[in-house]
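Okay, upload30.csv is below, CSV, C-alpha atoms:
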```
chain,number,residue,atom,x,y,z
F,1,MET,CA,114.0,115.5,118.5
F,2,GLN,CA,116.3,116.3,115.7
F,3,LEU,CA,119.4,114.1,115.4
F,4,THR,CA,122.4,116.2,114.7
F,5,SER,CA,125.3,114.2,116.2
F,6,LEU,CA,127.5,112.0,114.1
F,7,ALA,CA,126.8,109.2,116.6
F,8,ALA,CA,123.1,109.3,116.0
F,9,VAL,CA,123.4,109.3,112.2
F,10,ALA,CA,125.9,106.5,112.4
F,11,LEU,CA,123.5,104.4,114.6
F,12,LEU,CA,120.7,104.9,112.0
F,13,SER,CA,123.1,104.0,109.2
F,14,GLN,CA,124.1,100.8,111.0
F,15,TYR,CA,120.4,99.9,111.5
F,16,ALA,CA,119.8,100.3,107.8
F,17,ALA,CA,122.9,98.4,106.8
F,18,ALA,CA,122.0,95.5,109.1
F,19,GLN,CA,118.7,95.1,107.2
F,20,ALA,CA,120.0,95.1,103.6
F,21,MET,CA,117.0,96.5,101.8
F,22,LEU,CA,115.8,98.2,98.7
F,23,ARG,CA,115.0,101.9,99.1
F,24,PHE,CA,114.0,103.9,96.1
F,25,ALA,CA,112.1,106.8,94.7
F,26,CYS,CA,108.8,106.7,92.8
F,27,SER,CA,107.6,109.9,91.2
F,28,GLN,CA,103.9,110.7,90.5
F,29,LEU,CA,102.4,108.7,87.6
F,30,VAL,CA,99.0,110.4,88.0
F,31,VAL,CA,96.7,112.0,90.6
F,32,ASP,CA,93.4,110.4,89.9
F,33,ARG,CA,90.0,109.3,91.3
F,34,VAL,CA,90.4,105.6,90.6
F,35,ASP,CA,91.1,102.5,92.7
F,36,PRO,CA,91.4,99.2,90.8
F,37,ILE,CA,91.5,97.2,94.1
F,38,VAL,CA,88.6,98.6,96.0
F,39,ASN,CA,86.5,100.1,93.2
F,40,PRO,CA,87.5,98.1,90.1
F,41,GLY,CA,86.3,99.5,86.8
F,42,GLN,CA,85.0,102.8,88.3
F,43,THR,CA,86.0,106.4,87.7
F,44,TYR,CA,85.3,109.3,90.1
F,45,THR,CA,85.7,106.9,93.0
F,46,PRO,CA,84.9,108.2,96.6
F,47,HIS,CA,88.3,109.8,97.0
F,48,LEU,CA,91.5,111.0,95.3
F,49,HIS,CA,94.7,109.0,95.1
F,50,GLN,CA,98.2,109.7,94.0
F,51,ILE,CA,99.6,106.7,92.0
F,52,VAL,CA,103.2,105.7,91.2
F,53,GLY,CA,104.8,102.9,89.2
F,54,GLY,CA,104.1,101.2,85.8
F,55,ASN,CA,102.0,103.1,83.3
F,56,SER,CA,99.7,100.2,82.5
F,57,PHE,CA,97.7,101.3,85.6
F,58,THR,CA,94.0,101.5,84.8
F,59,PRO,CA,90.7,101.6,86.7
F,60,ASP,CA,90.2,97.9,86.0
F,61,MET,CA,93.3,95.7,86.5
F,62,ASP,CA,91.8,92.2,86.5
F,63,PRO,CA,94.5,90.1,88.1
F,64,GLU,CA,93.8,87.2,85.7
F,65,LYS,CA,94.2,89.4,82.6
F,66,HIS,CA,96.3,92.5,83.4
F,67,ASP,CA,100.0,91.9,83.0
F,68,LEU,CA,101.7,94.9,84.5
F,69,VAL,CA,105.1,94.1,83.1
F,70,ALA,CA,104.0,93.3,79.5
F,71,GLN,CA,101.5,96.1,79.3
F,72,SER,CA,103.7,98.9,80.8
F,73,THR,CA,106.0,100.9,78.6
F,74,CYS,CA,107.6,102.8,81.4
F,75,THR,CA,107.7,103.1,85.2
F,76,SER,CA,107.9,106.2,87.4
F,77,CYS,CA,110.0,104.2,90.0
F,78,SER,CA,113.8,104.2,90.1
F,79,PHE,CA,114.3,100.5,89.1
F,80,ALA,CA,113.6,99.8,85.4
F,81,GLN,CA,112.4,96.3,86.4
F,82,ASP,CA,109.6,97.5,88.8
F,83,PHE,CA,106.2,98.0,87.1
F,84,SER,CA,104.3,97.5,90.3
F,85,ASN,CA,101.7,100.1,91.3
F,86,TYR,CA,101.7,101.9,94.6
F,87,TRP,CA,99.1,104.4,95.7
F,88,THR,CA,97.9,106.5,98.7
F,89,ALA,CA,95.4,109.2,99.6
F,90,VAL,CA,96.3,112.8,99.0
F,91,MET,CA,96.9,115.3,101.7
F,92,PHE,CA,95.1,118.7,101.4
F,93,PHE,CA,95.3,122.0,103.3
F,94,LYS,CA,91.8,123.3,104.2
F,95,ALA,CA,91.7,127.1,104.4
F,96,LYS,CA,89.3,129.0,106.7
F,97,ASN,CA,87.3,130.2,103.6
F,98,GLY,CA,86.5,126.5,102.9
F,99,THR,CA,88.7,126.0,99.8
F,100,TYR,CA,91.4,123.3,99.5
F,101,THR,CA,94.8,122.9,97.9
F,102,ARG,CA,97.0,119.8,97.7
F,103,VAL,CA,100.1,119.8,100.0
F,104,PRO,CA,103.2,119.7,97.9
F,105,GLN,CA,105.6,116.7,98.2
F,106,VAL,CA,109.4,116.4,98.1
F,107,GLY,CA,111.8,113.5,98.0
F,108,ASN,CA,113.4,111.9,101.1
F,109,GLY,CA,116.8,112.4,102.6
F,110,GLY,CA,118.5,111.1,105.7
F,111,PRO,CA,121.6,109.0,106.4
F,112,GLN,CA,120.8,106.5,103.6
F,113,GLY,CA,121.1,109.2,100.9
F,114,LYS,CA,118.8,111.7,99.1
F,115,LEU,CA,116.0,110.3,96.8
F,116,LEU,CA,114.8,112.5,93.9
F,117,ASN,CA,111.1,112.5,93.5
F,118,LYS,CA,108.7,114.5,91.4
F,119,GLY,CA,105.8,114.1,93.8
F,120,GLY,CA,105.1,110.5,94.6
F,121,LEU,CA,106.6,108.5,97.4
F,122,ASP,CA,109.6,106.4,98.5
F,123,VAL,CA,109.3,102.6,98.6
F,124,TYR,CA,111.2,100.1,100.8
F,125,TYR,CA,111.5,96.3,100.4
F,126,MET,CA,113.0,94.7,103.6
F,127,PRO,CA,113.7,91.0,103.6
F,128,GLY,CA,114.3,90.9,107.4
F,129,ASN,CA,116.6,88.3,108.9
F,130,SER,CA,114.9,85.2,107.4
F,131,LYS,CA,114.1,84.0,103.9
F,132,SER,CA,111.5,86.1,102.2
F,133,THR,CA,109.4,84.8,99.3
F,134,ALA,CA,108.6,87.5,96.7
F,135,PHE,CA,105.0,88.2,95.7
F,136,LYS,CA,103.4,86.4,92.8
F,137,PRO,CA,101.9,87.9,89.7
F,138,GLY,CA,98.4,89.2,90.4
F,139,PHE,CA,99.1,89.7,94.1
F,140,ARG,CA,97.6,92.8,95.8
F,141,MET,CA,96.9,94.1,99.3
F,142,LEU,CA,95.9,97.1,101.4
F,143,ALA,CA,97.3,98.6,104.6
F,144,GLY,CA,95.1,100.8,106.7
F,145,SER,CA,91.4,101.8,106.3
F,146,ALA,CA,90.2,104.8,104.3
F,147,SER,CA,87.0,105.1,106.5
F,148,ASN,CA,88.6,104.8,109.9
F,149,THR,CA,88.1,107.8,112.3
F,150,ASP,CA,89.4,106.2,115.5
F,151,PRO,CA,93.2,106.5,116.0
F,152,LYS,CA,93.0,103.8,118.7
F,153,LYS,CA,92.1,101.3,115.9
F,154,VAL,CA,95.5,102.0,114.2
F,155,THR,CA,98.7,100.2,115.1
F,156,LEU,CA,101.1,103.0,115.5
F,157,GLN,CA,104.0,100.8,114.5
F,158,SER,CA,102.3,100.3,111.1
F,159,ILE,CA,100.9,103.7,110.1
F,160,CYS,CA,102.3,107.0,111.5
F,161,HIS,CA,103.2,110.6,111.0
F,162,ARG,CA,106.3,112.5,112.0
F,163,CYS,CA,106.6,116.2,112.7
F,164,TRP,CA,109.7,117.1,110.6
F,165,THR,CA,111.1,120.2,112.3
F,166,SER,CA,113.7,120.9,109.5
F,167,THR,CA,112.9,122.7,106.3
F,168,SER,CA,115.1,120.2,104.5
F,169,GLU,CA,114.3,116.5,104.1
F,170,ALA,CA,118.1,115.9,104.2
F,171,ASN,CA,118.4,117.0,107.9
F,172,PHE,CA,117.2,113.8,109.5
F,173,VAL,CA,114.7,114.1,112.3
F,174,GLY,CA,113.9,111.4,114.8
F,175,ALA,CA,114.8,107.7,114.8
F,176,GLN,CA,113.3,104.5,113.3
F,177,PRO,CA,110.0,104.9,111.5
F,178,CYS,CA,106.9,104.9,113.8
F,179,SER,CA,108.8,105.5,117.0
F,180,GLY,CA,109.4,108.2,119.5
F,181,THR,CA,106.9,111.1,119.2
F,182,ASP,CA,105.4,109.8,115.9
F,183,SER,CA,101.6,109.9,115.9
F,184,VAL,CA,98.7,108.3,114.2
F,185,GLU,CA,97.1,111.7,113.6
F,186,ILE,CA,98.6,114.3,111.3
F,187,PRO,CA,100.6,116.8,113.4
F,188,PHE,CA,99.8,120.5,112.8
F,189,ASP,CA,102.2,122.3,115.2
F,190,THR,CA,103.8,125.3,113.5
F,191,LYS,CA,107.2,123.8,114.3
F,192,CYS,CA,106.5,121.1,111.8
F,193,LYS,CA,108.0,122.2,108.5
F,194,MET,CA,107.2,118.9,106.8
F,195,ILE,CA,105.2,115.9,107.7
F,196,ARG,CA,106.6,112.4,107.0
F,197,GLN,CA,103.9,109.8,106.5
F,198,THR,CA,104.8,106.1,106.9
F,199,ILE,CA,102.8,103.1,105.8
F,200,ILE,CA,104.1,99.6,106.7
F,201,PHE,CA,102.4,96.6,105.0
F,202,PRO,CA,101.8,93.1,106.4
F,203,THR,CA,104.7,90.6,105.9
F,204,CYS,CA,102.9,87.2,106.1
F,205,TRP,CA,100.9,85.5,103.4
F,206,ASP,CA,98.5,82.5,103.5
F,207,GLY,CA,100.4,81.1,100.6
F,208,LYS,CA,97.2,80.5,98.5
F,209,ASN,CA,95.2,83.7,97.8
F,210,LEU,CA,96.5,86.6,95.7
F,211,ASP,CA,93.7,88.7,97.1
F,212,SER,CA,90.8,88.4,99.5
F,213,PRO,CA,87.4,90.1,99.7
F,214,ASP,CA,88.6,92.8,102.1
F,215,HIS,CA,92.0,92.8,100.4
F,216,LYS,CA,93.6,92.2,103.8
F,217,SER,CA,92.7,88.7,105.1
F,218,HIS,CA,95.1,86.8,102.9
F,219,VAL,CA,98.0,88.6,104.7
F,220,ALA,CA,98.9,89.3,108.3
F,221,TYR,CA,101.5,91.2,110.3
F,222,GLY,CA,104.3,89.3,111.8
F,223,SER,CA,105.4,89.1,115.4
F,224,SER,CA,107.5,92.3,115.5
F,225,LYS,CA,106.4,95.9,115.0
F,226,GLY,CA,107.8,98.7,112.9
F,227,ALA,CA,110.3,98.6,110.1
F,228,ASP,CA,112.4,95.6,111.0
F,229,GLY,CA,111.4,93.1,108.4
F,230,GLY,CA,108.3,91.7,110.0
F,231,GLY,CA,109.4,89.0,112.5
F,232,THR,CA,107.9,85.5,112.7
F,233,CYS,CA,104.7,84.7,110.8
F,234,PRO,CA,101.6,83.0,112.4
F,235,SER,CA,100.6,79.5,111.4
F,236,THR,CA,97.6,80.9,109.5
F,237,HIS,CA,99.8,82.9,107.2
F,238,PRO,CA,103.1,81.0,107.2
F,239,VAL,CA,104.8,82.5,104.1
F,240,LYS,CA,107.2,85.3,104.9
F,241,LEU,CA,107.0,88.2,102.4
F,242,PRO,CA,109.4,91.2,102.0
F,243,GLN,CA,108.2,94.0,104.2
F,244,ILE,CA,107.0,96.9,102.1
F,245,MET,CA,107.1,100.4,103.5
F,246,TYR,CA,106.0,103.7,101.9
F,247,GLU,CA,107.4,107.0,103.0
F,248,LEU,CA,105.9,110.3,101.9
F,249,MET,CA,107.3,113.8,102.6
F,250,TRP,CA,104.5,116.4,102.7
F,251,ASN,CA,106.0,119.9,102.6
F,252,VAL,CA,103.9,122.1,104.9
F,253,THR,CA,106.5,125.0,105.3
F,254,SER,CA,104.5,127.6,103.3
F,255,PHE,CA,101.3,126.9,105.3
F,256,VAL,CA,102.9,127.0,108.8
F,257,ASN,CA,104.9,130.2,108.0
F,258,ASP,CA,101.6,132.1,107.4
F,259,LYS,CA,98.7,131.0,109.6
F,260,SER,CA,96.3,133.7,108.2
F,261,ALA,CA,94.5,131.1,106.1
F,262,TRP,CA,94.2,128.5,108.9
F,263,PRO,CA,90.7,127.5,110.1
F,264,SER,CA,89.5,130.1,112.8
F,265,ASP,CA,88.2,127.3,115.0
F,266,GLY,CA,91.7,125.9,115.6
F,267,SER,CA,91.0,122.6,113.9
F,268,ASN,CA,93.7,120.7,112.0
F,269,PRO,CA,93.9,122.2,108.5
F,270,PHE,CA,95.7,119.1,107.1
F,271,ILE,CA,93.4,116.3,106.0
F,272,TYR,CA,93.4,113.4,103.6
F,273,SER,CA,91.3,113.2,100.4
F,274,MET,CA,88.6,111.2,102.3
F,275,ASN,CA,88.0,114.4,104.3
F,276,LEU,CA,89.4,112.5,107.3
F,277,GLY,CA,92.6,112.7,109.4
F,278,GLY,CA,95.6,110.5,110.0
F,279,ALA,CA,93.5,107.5,111.3
F,280,ALA,CA,92.3,107.0,107.8
F,281,ALA,CA,95.7,106.9,106.2
F,282,HIS,CA,96.1,103.9,103.9
F,283,GLY,CA,98.2,102.4,101.1
F,284,ASP,CA,97.4,100.1,98.1
F,285,TYR,CA,99.8,97.7,96.4
F,286,VAL,CA,99.8,95.7,93.2
F,287,PHE,CA,102.8,93.5,92.5
F,288,GLY,CA,104.5,94.0,89.1
F,289,TRP,CA,108.2,93.2,89.1
F,290,LYS,CA,109.7,91.7,86.0
F,291,GLY,CA,110.3,88.0,86.2
F,292,ASP,CA,112.1,86.9,89.4
F,293,SER,CA,114.0,90.1,89.8
F,294,LEU,CA,112.5,90.9,93.2
F,295,GLN,CA,113.2,87.4,94.6
F,296,LYS,CA,116.8,87.7,93.4
F,297,ALA,CA,117.1,91.2,94.9
F,298,MET,CA,116.0,89.9,98.3
F,299,ASP,CA,118.2,86.8,98.1
F,300,ASN,CA,121.3,88.8,97.1
F,301,LYS,CA,120.7,91.6,99.5
F,302,CYS,CA,120.6,94.3,96.9
F,303,ASP,CA,121.3,97.6,98.4
F,304,LEU,CA,119.1,100.7,98.5
F,305,ASP,CA,118.6,102.2,95.0
F,306,LYS,CA,121.9,101.0,93.4
F,307,ASP,CA,122.3,98.8,90.4
F,308,CYS,CA,122.4,95.2,91.4
F,309,PRO,CA,123.8,92.9,88.7
F,310,LYS,CA,123.1,89.7,90.6
F,311,ALA,CA,119.4,90.4,90.5
F,312,GLY,CA,119.4,92.2,87.1
F,313,LEU,CA,118.3,95.5,88.7
F,314,THR,CA,119.2,98.7,86.9
F,315,LYS,CA,118.6,102.2,88.2
F,316,GLN,CA,117.0,104.7,85.9
F,317,THR,CA,118.0,108.4,85.9
F,318,ALA,CA,115.6,110.7,87.6
F,319,ASP,CA,114.8,112.4,84.3
F,320,LYS,CA,113.7,109.1,82.9
F,321,TYR,CA,111.4,107.9,85.7
F,322,ASN,CA,110.1,111.5,86.3
F,323,ALA,CA,108.9,111.5,82.6
F,324,CYS,CA,106.7,108.5,83.1
F,325,THR,CA,103.2,109.9,83.5
F,326,LYS,CA,99.7,109.3,82.2
F,327,PRO,CA,96.5,111.3,81.9
F,328,GLN,CA,93.7,111.0,84.4
F,329,ALA,CA,91.0,108.4,83.8
F,330,ALA,CA,88.7,110.6,85.8
F,331,PRO,CA,89.5,114.1,84.5
F,332,GLU,CA,89.1,116.9,87.0
F,333,GLN,CA,90.9,119.8,88.6
F,334,VAL,CA,93.3,118.6,91.3
F,335,ASP,CA,96.0,121.4,91.2
F,336,GLY,CA,95.6,124.9,92.7
F,337,TRP,CA,92.8,125.9,95.0
F,338,ILE,CA,89.5,124.0,94.6
F,339,LYS,CA,86.0,124.7,96.1
F,340,ALA,CA,85.6,121.2,97.6
F,341,LEU,CA,87.5,118.0,98.0
F,342,PRO,CA,87.1,115.6,94.9
F,343,MET,CA,84.6,113.2,96.5
F,344,GLY,CA,81.4,113.4,94.5
F,345,SER,CA,81.2,115.1,91.1
F,346,ALA,CA,84.3,116.4,89.4
F,347,ALA,CA,86.3,119.0,91.4
F,348,ILE,CA,85.9,122.7,90.5
F,349,LYS,CA,88.5,125.3,90.6
F,350,ALA,CA,88.0,127.9,93.4
```
Could you render the structure from this file as structure tokens?
Amino acid sequence: MQLTSLAAVALLSQYAAAQAMLRFACSQLVVDRVDPIVNPGQTYTPHLHQIVGGNSFTPDMDPEKHDLVAQSTCTSCSFAQDFSNYWTAVMFFKAKNGTYTRVPQVGNGGPQGKLLNKGGLDVYYMPGNSKSTAFKPGFRMLAGSASNTDPKKVTLQSICHRCWTSTSEANFVGAQPCSGTDSVEIPFDTKCKMIRQTIIFPTCWDGKNLDSPDHKSHVAYGSSKGADGGGTCPSTHPVKLPQIMYELMWNVTSFVNDKSAWPSDGSNPFIYSMNLGGAAAHGDYVFGWKGDSLQKAMDNKCDLDKDCPKAGLTKQTADKYNACTKPQAAPEQVDGWIKALPMGSAAIKA
């Protein structure tokens, strides 16, 4: 359902205002087959990622040695103090002739204002209604599972997809993230002009470990669901963290306007780079804010993507963060039409 009334937009704006959160754009740093959390030191890892954030990103980011702030010379995110890295799988369109092409991305709009992205994703940090403790240097975590094929194993309030019925990201569709008709699976109705993907991370930490063998056990979700700050933490993970949420806008307009290339068997043509659907959607995070800037931002209720002098946050121009890119560590063709998904040897142009 598309919200067009002033009352609906006002309600969403009030919801956002009540949360006092950071919300900012991160453009694409690189699209690459590396994963320093799950496959440290490897190139041509099992599937392709799109990565944003500080340009010190490498296949091997040893938490005891790699200093994201000191080693980065730029960041593809709006705030100049954020050298963290954020990454997700890549959405592809599979044509009936068996070739693939990446689905283009756009920035996000809505009642909180338009964000300007060159690819990439939008990041939220939500402190919730209680004291949040910022992440520590070396901290990292995952949300979701890249190998999952069962939608029932996914908590809808944490990972979801929305059918965006407007051709503009600025015309807000729906309500709060992961609510209403949002689904775990990727929608492929022709009325969907865009697909908004949401990934919400755990908000509770054990207070000891910066990582864990599965990159998940050191954190847990709080008592509440969805994008509301996380709720109360369990005794096993007592430290409340800021709630991180990724939003990605996949622009499928050109594909749904011409179905001549769609699979003839009626299957979903939109898949992630693992060759799996929405149940395998996932996100990776490595903390890299300068000094105590994130803690100050949470304590001082810094607002959206605006300068926040109390926390020392400064917003870069879009031209500056868009210019922060780096070459692939695993060089291969990822633009245009390719013969197969980049999953084994280097991808080949179709």
Hey, what's within 12 Å of Cys308 of chain F if we count only C-alpha atoms and toss same-chain stuff fewer than 4 positions away? As a short mmCIF file (atom, residue, chain, number, x, y, z; two decimals) with C-alpha atoms, in the frame of the given file, please?
```
data_model
loop_
_atom_site.label_atom_id
_atom_site.label_comp_id
_atom_site.auth_asym_id
_atom_site.auth_seq_id
_atom_site.Cartn_x
_atom_site.Cartn_y
_atom_site.Cartn_z
CA MET F 21 117.00 96.50 101.80
CA LEU F 22 115.80 98.20 98.70
CA PHE F 79 114.30 100.50 89.10
CA ALA F 80 113.60 99.80 85.40
CA GLN F 81 112.40 96.30 86.40
CA SER F 293 114.00 90.10 89.80
CA LEU F 294 112.50 90.90 93.20
CA LYS F 296 116.80 87.70 93.40
CA ALA F 297 117.10 91.20 94.90
CA MET F 298 116.00 89.90 98.30
CA ASP F 299 118.20 86.80 98.10
CA ASN F 300 121.30 88.80 97.10
CA LYS F 301 120.70 91.60 99.50
CA CYS F 302 120.60 94.30 96.90
CA ASP F 303 121.30 97.60 98.40
CA LEU F 304 119.10 100.70 98.50
CA GLY F 312 119.40 92.20 87.10
CA LEU F 313 118.30 95.50 88.70
CA THR F 314 119.20 98.70 86.90
CA LYS F 315 118.60 102.20 88.20
#
```
Produce a table with one row for each residue of segment 226-297 of chain F that has an atom at most 8 Å from any atom of segment 43-59 of chain F, each row naming the nearest atom pair and its distance in Å at one decimal; use all atoms listed in the file; arrange rows by chain and rising residue number; format as JSON lines.
```
{"residue": "F:Ser273", "atom": "CA", "partner": "F:Leu48", "partner_atom": "CA", "distance": 5.6}
{"residue": "F:Met274", "atom": "CA", "partner": "F:His47", "partner_atom": "CA", "distance": 5.5}
{"residue": "F:Gly288", "atom": "CA", "partner": "F:Gly54", "partner_atom": "CA", "distance": 7.9}
```
Within 7 Å of Gln243 of chain F using all atoms listed in the file, minus same-chain residues under 4 positions, as a list in words: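 Skipping anything fewer than 4 positions along the chain leaves Tyr125, Met126, Pro127, Phe201, Pro202, Thr203, Gly229 and Gly230 of chain F.
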Neighbours of segment 97-109 of chain F within 8 Å (all atoms listed in the file; same-chain residues fewer than 2 positions away dropped), as a PyMOL selection string? chain F and resi 25+90-95+111-122+169-172+247-252+261+263+334-341+350
So, counting only C-alpha atoms, which residue among F:Ser158, F:Ile271, F:Lys193, F:Met245 is closest to Tyr221 of chain F? F:Ser158
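Distance check against Phe139 of chain F using only C-alpha atoms: of F:Gln328, F:Gln157, F:Asn268, F:Asn85, the minimum falls on F:Asn85.
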Take atom CA of Pro234 of chain F and atom CA of Gly128 of chain F and report the distance between them in Å, one decimal.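 One can read the atom CA of Pro234 of chain F to atom CA of Gly128 of chain F distance as 15.8 Å.
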Taking all atoms of segment 299-311 of chain F that the file lists, what box with edges along x, y and z, padded by 8 Å per side, do you get, with centre and edge lengths in Å to one decimal, as AutoDock Vina command-line options?
```
--center_x 121.0 --center_y 94.5 --center_z 94.1 --size_x 21.6 --size_y 31.4 --size_z 26.8
```
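In this structure, atom CA of Ile199 of chain F sits 6.6 Å away from atom CA of Gly283 of chain F.
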So what do you get for atom CA of Asn209 of chain F versus atom CA of Gly144 of chain F, distance-wise? 19.3 Å
Protein/DNA/RNA residues near (98.5, 89.0, 104.8), cut 8 Å, only C-alpha atoms, as an MDAnalysis selection string: chainID F and resid 141 202:206 216:221 237
I'd like the neighbourhood of Pro331 of chain F as a ChimeraX atom specification, where a residue qualifies if any of its atoms comes within 9 Å (using only C-alpha atoms), though same-chain residues fewer than 4 positions away should be ignored. /F:32-33,44,327,346
Could you tell me which of F:Thr236, F:Asp228, F:Tyr321, F:Pro342 comes closest to Ser76 of chain F if we count only C-alpha atoms?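 Closest residue, counting only C-alpha atoms: F:Tyr321.
Proximity to Trp164 of chain F was assessed for F:Val69, F:Val184, F:Leu142, F:Met194 counting all atoms listed in the file; the smallest distance is recorded for F:Met194.
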Tell me which protein, DNA and RNA residues are within 6 Å of Gly222 of chain F, counting all atoms listed in the file, leaving out same-chain ones fewer than 6 positions away, and put them as a PyMOL selection string. chain F and resi 230-233
